[in-house]
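Chemist: Questions regarding the structure given below will be posed in turn.
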Number of protein chains: 2
Amino acid sequence: MRTLVLGTVALDDVKTPSGVRRNILGGSAVHFAMSARLFSRVNLAAVVGEDFPPGYLDFLRRRRIALTSLIHDRGRTFHWSGEYRGDLNSAVTLKTDLGVLTDFKPEISEEERDIRYVFLANVDPHIQRYLLHRLRSPKLVGLDSMNYWIHHQRPVLLRVLKEVDIYLANDQEARSLSGESNLVKAAGYLHRLGPRMVIIKKGEHGVLFYCSSFIFCLPAYPAARLIDPTGAGDTFAGGLMGYLAKSGRITPSVIRKAIAYATVAASFNVEGFGVERSASLKMGDLEMRLAQLKDLVSLGR
Amino acid sequence: MRTLVLGTVALDDVKTPSGVRRNILGGSAVHFAMSARLFSRVNLAAVVGEDFPPGYLDFLRRRRIALTSLIHDRGRTFHWSGEYRGDLNSAVTLKTDLGVLTDFKPEISEEERDIRYVFLANVDPHIQRYLLHRLRSPKLVGLDSMNYWIHHQRPVLLRVLKEVDIYLANDQEARSLSGESNLVKAAGYLHRLGPRMVIIKKGEHGVLFYCSSFIFCLPAYPAARLIDPTGAGDTFAGGLMGYLAKSGRITPSVIRKAIAYATVAASFNVEGFGVERSASLKMGDLEMRLAQLKDLVSLGR
C-alpha cells in the first residue's frame, strides 16, 4: 500500500558535538520518507523554493519517493538552523526561515486523494486539517505536532485530533497538551481527545503505546554513536506508518511490530547528520537491529 | 537460600498528595525484607533505639524475618521525615535524625557469616565494607548507595564497588558517579568500576541492566495508584536478591526474571504508605502483575 506524507522539505544547518553541516537535506517529510520507503511507496506533499538544489530532487527520486505533489514555489526553501549540546536531548533552534512554507497550501493529485495510509507531519494544524479533508477514504491517519501549535493553535489542533487515528507526541508535548506529568495518565488523556491510538516518544527511554485495549512499552535501541538526532521522530513515524501500510491490517501484534521497526529505524537516523545514514538503510539493517532489540527486552520463557 | 540484608530500620514521617503518616515502620532493610521474604528467608542486620515500638518487632517476626542481628541500642531509632510533591518523582527530606545509626556497627552471628546472598543497602560505605569482610563465602553481593556517599565518601565507595557483584543505582546516582549523561554509557562506566552487573533504576521509565555479555531493559509496571514511593528501590532490590537466592544460579534468563519480579514487587510498594501494601503481598499478586508486564513488553511472534 502507498503512504502519503504531508510535511516539510527543508535545508538544515546543524551543529552537534560531532560537527557542523550546512544546507543539508532535511524536513519532516524527508525524514519520514527515508524509513517509510523500506516498506511502502511514499508520496510526498510539501513545498520547496527556488534555491532548492536539483541534486536533492534526484536524491529523493532515486529512492522512489513520488514527488508529484512537491510544490515548487517562488521564494526560499524552509530553512532551519539548530544546535545540540551536551547529551543531545533537545535542540536549540538558532534560526527558522519559513520561506515558501508561509503560504504553503498542499495540492495533491486525484490519485493521491485515494491513498489510505497518511501521515500529517508537524505543520500548522490548519494545513493538516485541509489535507485530511481532501482525502477520499483514509484508513489510517497519523499526526505529529509540536509545542508551538499546542500553545498557539490549540483549538484547531484539538479539532484535527478528533479526526485522526494515531497521535504521535514526544513526552514534553504529551505533558504539555494533557497537563498530566505521569505519561500513562497523559496518554489516557490524549486518547480521550479522539485518536484511537496514542504513541508517546520518550527519547532515550523508548516509547509508550496506548489504546483502549492494551498498553505497550518498548525501550529505545541503545545507540552507541549519537551524531545528530534531527528527524529521529519523523524516521520513527515513517517506519511505523510504512510497516502498517505494508501489513494492510491493524492488529495488536502488527502494531507492536510496527513500533519495533520504527524504533530501530530511528536508531539508525541518529547515527549520521541529516539523512546521511537513513538514506542508505536496507531492510537487512533493520532486521539485524530488530533481533537485538528483541533480545534486549526478552523476559525469557 | 537465605538472604542477608544490611541496612536501616527506621521510623518515617511521610507526606504525599494522598495524605500524611507519622512514625510508620520504614528503612531500607525493612522495605527490602518485605519483597525478599516471598522468595527466601531473610536475616536483617540493622539497629533500632529504645523508642522502637515492640509491635513493629512482632510485625517483622510474623513475616519470618530473622532479627538475630537487629541491635537494640540506647538512644533514638533512625527517623526520616520526607515529603513528595507534584509527580512524586523525588522526595524532599524535611528532617533526618540519625539517632542510634550514628555509631552503628553491624554484628552478625557465626551462622550469618555463611549466608551467601547478601544485600548492602544504602548506609555509610565503611559499614558496608566492614560487613562484607565479615562474610565467609559470599556468592552474590548487591550494593545500593546514594548521592550523599558518592560525594562525601567516594574513595571508600569505589573500594567497596570493586568487591561486589551487583551495583544498583538510580539514574541520578549513575549519572553523578559516572559523569555520563547517557545511561547506557553510564552503566558501562560503572561496570568498569568493578561490579560485574549494574542495574540503573529509572523510576517511571523502568530499569536498565548491564553486564559484559548482555543488556536488558524493562519498563516500569504502569502504576495507577501512586500513594507513596518511599522504599520502592529497596523493594525492587528485595525482589531481585530474593529471587536470585531462591534460584541459586545466575544465568541471563534467571537475571531477566529476577528483574521482572523486582519490578512488579516495587509496583505494589508504591500503592500504600510505607510497607502498608508490600507487607501483605503474596506470590499470587506478583505472578498476576508479572503476566501483565510480560504482555506490556511483548513483541509478539
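For the C-alpha cells, the naming scheme is as follows: chains receive sequential letters (A, B, ...) according to their order of presentation, residues are indexed from 1 within each chain, and ligands are indexed from 1 in presentation order.
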Applying 12 Å and only C-alpha atoms, which residues near Leu177 (chain A) remain after dropping the ones on its own chain fewer than 3 positions away? List them as a PyMOL selection string.
Modeler: chain A and resi 145-155+157-158+161+167+169-174+180-181+183+185-191+193+200
Chemist: Give me a file of those residues, with C-alpha atoms, as a PDB file, in the first residue's frame.
Modeler:
ATOM      1  CA  SER A 145       2.592  18.247  16.171  1.00  0.00           C
ATOM      2  CA  MET A 146       4.820  20.432  18.338  1.00  0.00           C
ATOM      3  CA  ASN A 147       4.676  22.699  21.375  1.00  0.00           C
ATOM      4  CA  TYR A 148       4.316  25.797  19.210  1.00  0.00           C
ATOM      5  CA  TRP A 149       0.959  24.616  17.812  1.00  0.00           C
ATOM      6  CA  ILE A 150      -0.148  23.241  21.180  1.00  0.00           C
ATOM      7  CA  HIS A 151       0.226  26.731  22.609  1.00  0.00           C
ATOM      8  CA  HIS A 152      -0.775  28.892  19.642  1.00  0.00           C
ATOM      9  CA  GLN A 153      -3.282  26.791  17.692  1.00  0.00           C
ATOM     10  CA  ARG A 154      -4.775  24.606  20.395  1.00  0.00           C
ATOM     11  CA  PRO A 155      -8.456  24.796  19.251  1.00  0.00           C
ATOM     12  CA  LEU A 157      -5.247  21.105  16.828  1.00  0.00           C
ATOM     13  CA  LEU A 158      -7.916  19.613  19.099  1.00  0.00           C
ATOM     14  CA  LEU A 161      -7.033  15.246  16.756  1.00  0.00           C
ATOM     15  CA  TYR A 167      -1.344  10.753  17.598  1.00  0.00           C
ATOM     16  CA  ALA A 169       3.836  13.075  20.627  1.00  0.00           C
ATOM     17  CA  ASN A 170       7.087  13.366  22.484  1.00  0.00           C
ATOM     18  CA  ASP A 171       6.999  13.360  26.280  1.00  0.00           C
ATOM     19  CA  GLN A 172       7.127  17.147  26.602  1.00  0.00           C
ATOM     20  CA  GLU A 173       4.289  17.632  24.120  1.00  0.00           C
ATOM     21  CA  ALA A 174       2.218  14.922  25.791  1.00  0.00           C
ATOM     22  CA  GLU A 180      -0.500  15.347  33.282  1.00  0.00           C
ATOM     23  CA  SER A 181       3.087  14.658  34.365  1.00  0.00           C
ATOM     24  CA  LEU A 183       2.962   9.648  30.979  1.00  0.00           C
ATOM     25  CA  LYS A 185      -2.109   9.230  32.531  1.00  0.00           C
ATOM     26  CA  ALA A 186      -1.082  11.713  29.832  1.00  0.00           C
ATOM     27  CA  ALA A 187      -1.583   9.035  27.173  1.00  0.00           C
ATOM     28  CA  GLY A 188      -5.041   8.274  28.569  1.00  0.00           C
ATOM     29  CA  TYR A 189      -5.938  11.960  28.433  1.00  0.00           C
ATOM     30  CA  LEU A 190      -4.748  12.305  24.834  1.00  0.00           C
ATOM     31  CA  HIS A 191      -6.675   9.176  23.894  1.00  0.00           C
ATOM     32  CA  LEU A 193      -9.239  13.706  22.835  1.00  0.00           C
ATOM     33  CA  ILE A 200       4.458   8.907  23.332  1.00  0.00           C
TER      34      ILE A 200
END
Chemist: Would you kindly return, as a PyMOL selection string, each protein, DNA or RNA residue with an atom no farther than 10 Å from any atom of Arg225 (chain B), considering only C-alpha atoms and excluding same-chain residues fewer than 5 positions away?
Modeler: chain B and resi 18+267-268+270-272
Chemist: Go ahead and write the residues just picked, C-alpha atoms, as a tab-separated table (two decimals), in the first residue's frame.
Modeler:
chain	number	residue	atom	x	y	z
B	18	SER	CA	-2.50	11.24	49.27
B	267	SER	CA	4.95	-1.50	41.81
B	268	PHE	CA	2.98	-2.80	44.79
B	270	VAL	CA	4.18	2.46	45.94
B	271	GLU	CA	0.46	1.70	46.25
B	272	GLY	CA	0.44	2.23	50.01
Chemist: Fewer than 5 positions away in the same chain doesn't count, so skip those; otherwise give me all residues within 6 Å of Ile199 (chain B), counting only C-alpha atoms, as a list of chain:residue names.
Modeler: B:Leu168, B:Leu208, B:Phe209
Chemist: Which residues come within 6 Å of Ala121 (chain A), counting only C-alpha atoms, excluding same-chain residues fewer than 2 positions away, as a list in words?
Modeler: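 Once the nearby chain positions are removed, what remains is Leu6, Gly7, Phe119, Leu143 and Asp144 of chain A.
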Chemist: Select, as an MDAnalysis selection string, those residues of chain B with any atom no more than 10 Å from chain A (distances computed using only C-alpha atoms).
Modeler: chainID B and resid 86:89 180:185 202 204:209 214:224 252:260 292:301
Chemist: Could you pull out all residues of region 132-221 of chain B with a DSSP call of alpha helix (DSSP H) and give them as number ranges by chain?
Modeler: B: 132-134, 147-152, 154-161, 171-178, 183-192
Chemist: Any chance you could export the current selection's C-alpha atoms as an mmCIF file, in the first residue's frame?
Modeler:
data_model
loop_
_atom_site.group_PDB
_atom_site.id
_atom_site.type_symbol
_atom_site.label_atom_id
_atom_site.label_comp_id
_atom_site.auth_asym_id
_atom_site.auth_seq_id
_atom_site.Cartn_x
_atom_site.Cartn_y
_atom_site.Cartn_z
ATOM 1 C CA LEU B 132 31.301 -7.518 53.534
ATOM 2 C CA HIS B 133 34.610 -8.559 55.123
ATOM 3 C CA ARG B 134 32.811 -10.466 57.869
ATOM 4 C CA ASN B 147 24.357 10.776 46.294
ATOM 5 C CA TYR B 148 25.499 11.741 49.801
ATOM 6 C CA TRP B 149 28.093 8.927 49.877
ATOM 7 C CA ILE B 150 29.022 9.450 46.218
ATOM 8 C CA HIS B 151 30.008 12.996 47.088
ATOM 9 C CA HIS B 152 31.353 12.589 50.630
ATOM 10 C CA ARG B 154 33.734 8.450 47.132
ATOM 11 C CA PRO B 155 37.122 6.719 47.751
ATOM 12 C CA VAL B 156 35.724 4.096 50.123
ATOM 13 C CA LEU B 157 32.603 3.646 47.974
ATOM 14 C CA LEU B 158 34.846 2.937 44.973
ATOM 15 C CA ARG B 159 36.776 0.385 47.059
ATOM 16 C CA VAL B 160 33.584 -1.451 48.063
ATOM 17 C CA LEU B 161 32.294 -1.385 44.486
ATOM 18 C CA ASP B 171 19.554 7.377 37.229
ATOM 19 C CA GLN B 172 20.755 10.436 39.149
ATOM 20 C CA GLU B 173 23.299 8.426 41.123
ATOM 21 C CA ALA B 174 24.500 6.658 37.983
ATOM 22 C CA ARG B 175 24.999 9.976 36.193
ATOM 23 C CA SER B 176 26.628 11.552 39.229
ATOM 24 C CA LEU B 177 29.129 8.750 39.863
ATOM 25 C CA SER B 178 29.991 8.189 36.193
ATOM 26 C CA LEU B 183 22.588 5.926 30.833
ATOM 27 C CA VAL B 184 23.975 3.096 28.678
ATOM 28 C CA LYS B 185 27.373 4.791 28.778
ATOM 29 C CA ALA B 186 26.944 5.451 32.497
ATOM 30 C CA ALA B 187 26.233 1.763 33.064
ATOM 31 C CA GLY B 188 29.351 0.811 31.115
ATOM 32 C CA TYR B 189 31.411 3.194 33.223
ATOM 33 C CA LEU B 190 30.030 1.805 36.489
ATOM 34 C CA HIS B 191 30.672 -1.719 35.240
ATOM 35 C CA ARG B 192 34.336 -0.858 34.754
#
Chemist: Kindly indicate which residue among A:Met283, A:Leu120, A:Ile127, A:Val14 lies nearest to Asp165 (chain A), using only C-alpha atoms for the distances.
Modeler: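 Answer, going by the shortest atom-to-atom distance: A:Leu120.
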Chemist: Compile the contact shell of Glu50 (chain A) as a list in words: residues with an atom at most 12 Å away, counting only C-alpha atoms, same-chain residues fewer than 4 positions apart removed.
Modeler: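 So, after excluding close chain neighbours, the residues are Pro54, Ile71, His72, Asp73, Arg74, Gly75, Arg76, Thr77, Phe78, Gly99 and Val100 of chain A.
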Chemist: Where in region 62-169 of chain B does DSSP assign strand (DSSP E), given as a PyMOL selection string?
Modeler: chain B and resi 65-66+70-72+79-84+91-97+117-120+140-144+166-169
Chemist: If you keep C-alpha atoms, can you produce a file of those selected residues as a short mmCIF file (atom, residue, chain, number, x, y, z; two decimals), in the first residue's frame?
Modeler:
data_model
loop_
_atom_site.label_atom_id
_atom_site.label_comp_id
_atom_site.auth_asym_id
_atom_site.auth_seq_id
_atom_site.Cartn_x
_atom_site.Cartn_y
_atom_site.Cartn_z
CA ILE B 65 12.27 -12.01 59.19
CA ALA B 66 15.17 -13.21 61.36
CA LEU B 70 18.91 -6.41 64.92
CA ILE B 71 20.81 -4.45 67.54
CA HIS B 72 18.86 -2.65 70.26
CA HIS B 79 13.97 8.84 61.98
CA TRP B 80 13.29 10.21 58.50
CA SER B 81 10.77 12.89 57.55
CA GLY B 82 10.06 13.49 53.92
CA GLU B 83 7.55 14.97 51.56
CA TYR B 84 6.66 14.18 47.95
CA ALA B 91 11.35 13.28 47.93
CA VAL B 92 12.16 16.46 49.77
CA THR B 93 13.85 15.39 53.00
CA LEU B 94 12.46 17.58 55.77
CA LYS B 95 14.46 16.13 58.63
CA THR B 96 16.87 13.27 59.29
CA ASP B 97 17.57 12.20 62.86
CA TYR B 117 23.26 -13.89 49.14
CA VAL B 118 23.83 -10.51 50.72
CA PHE B 119 22.47 -7.05 50.09
CA LEU B 120 24.28 -3.98 51.36
CA LEU B 140 26.33 -12.77 45.27
CA VAL B 141 26.59 -9.37 46.91
CA GLY B 142 24.40 -6.46 45.87
CA LEU B 143 25.01 -2.86 46.84
CA ASP B 144 22.97 0.32 46.89
CA ILE B 166 25.67 -6.10 41.57
CA TYR B 167 25.54 -2.34 41.87
CA LEU B 168 22.05 -0.86 41.96
CA ALA B 169 21.81 2.87 41.31
#
Chemist: Counting only C-alpha atoms, which of B:Arg63, B:Arg249, B:Lys201, B:Arg22 gets nearest to Thr263 (chain B)?
Modeler: B:Lys201
Chemist: Pick out the closest residue to Ser28 (chain B) from this set: B:Asp285, B:Glu276, B:Asp234, B:Asp58. Count only C-alpha atoms.
Modeler: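 Selected residue with least distance to Ser28 (chain B): B:Asp234.
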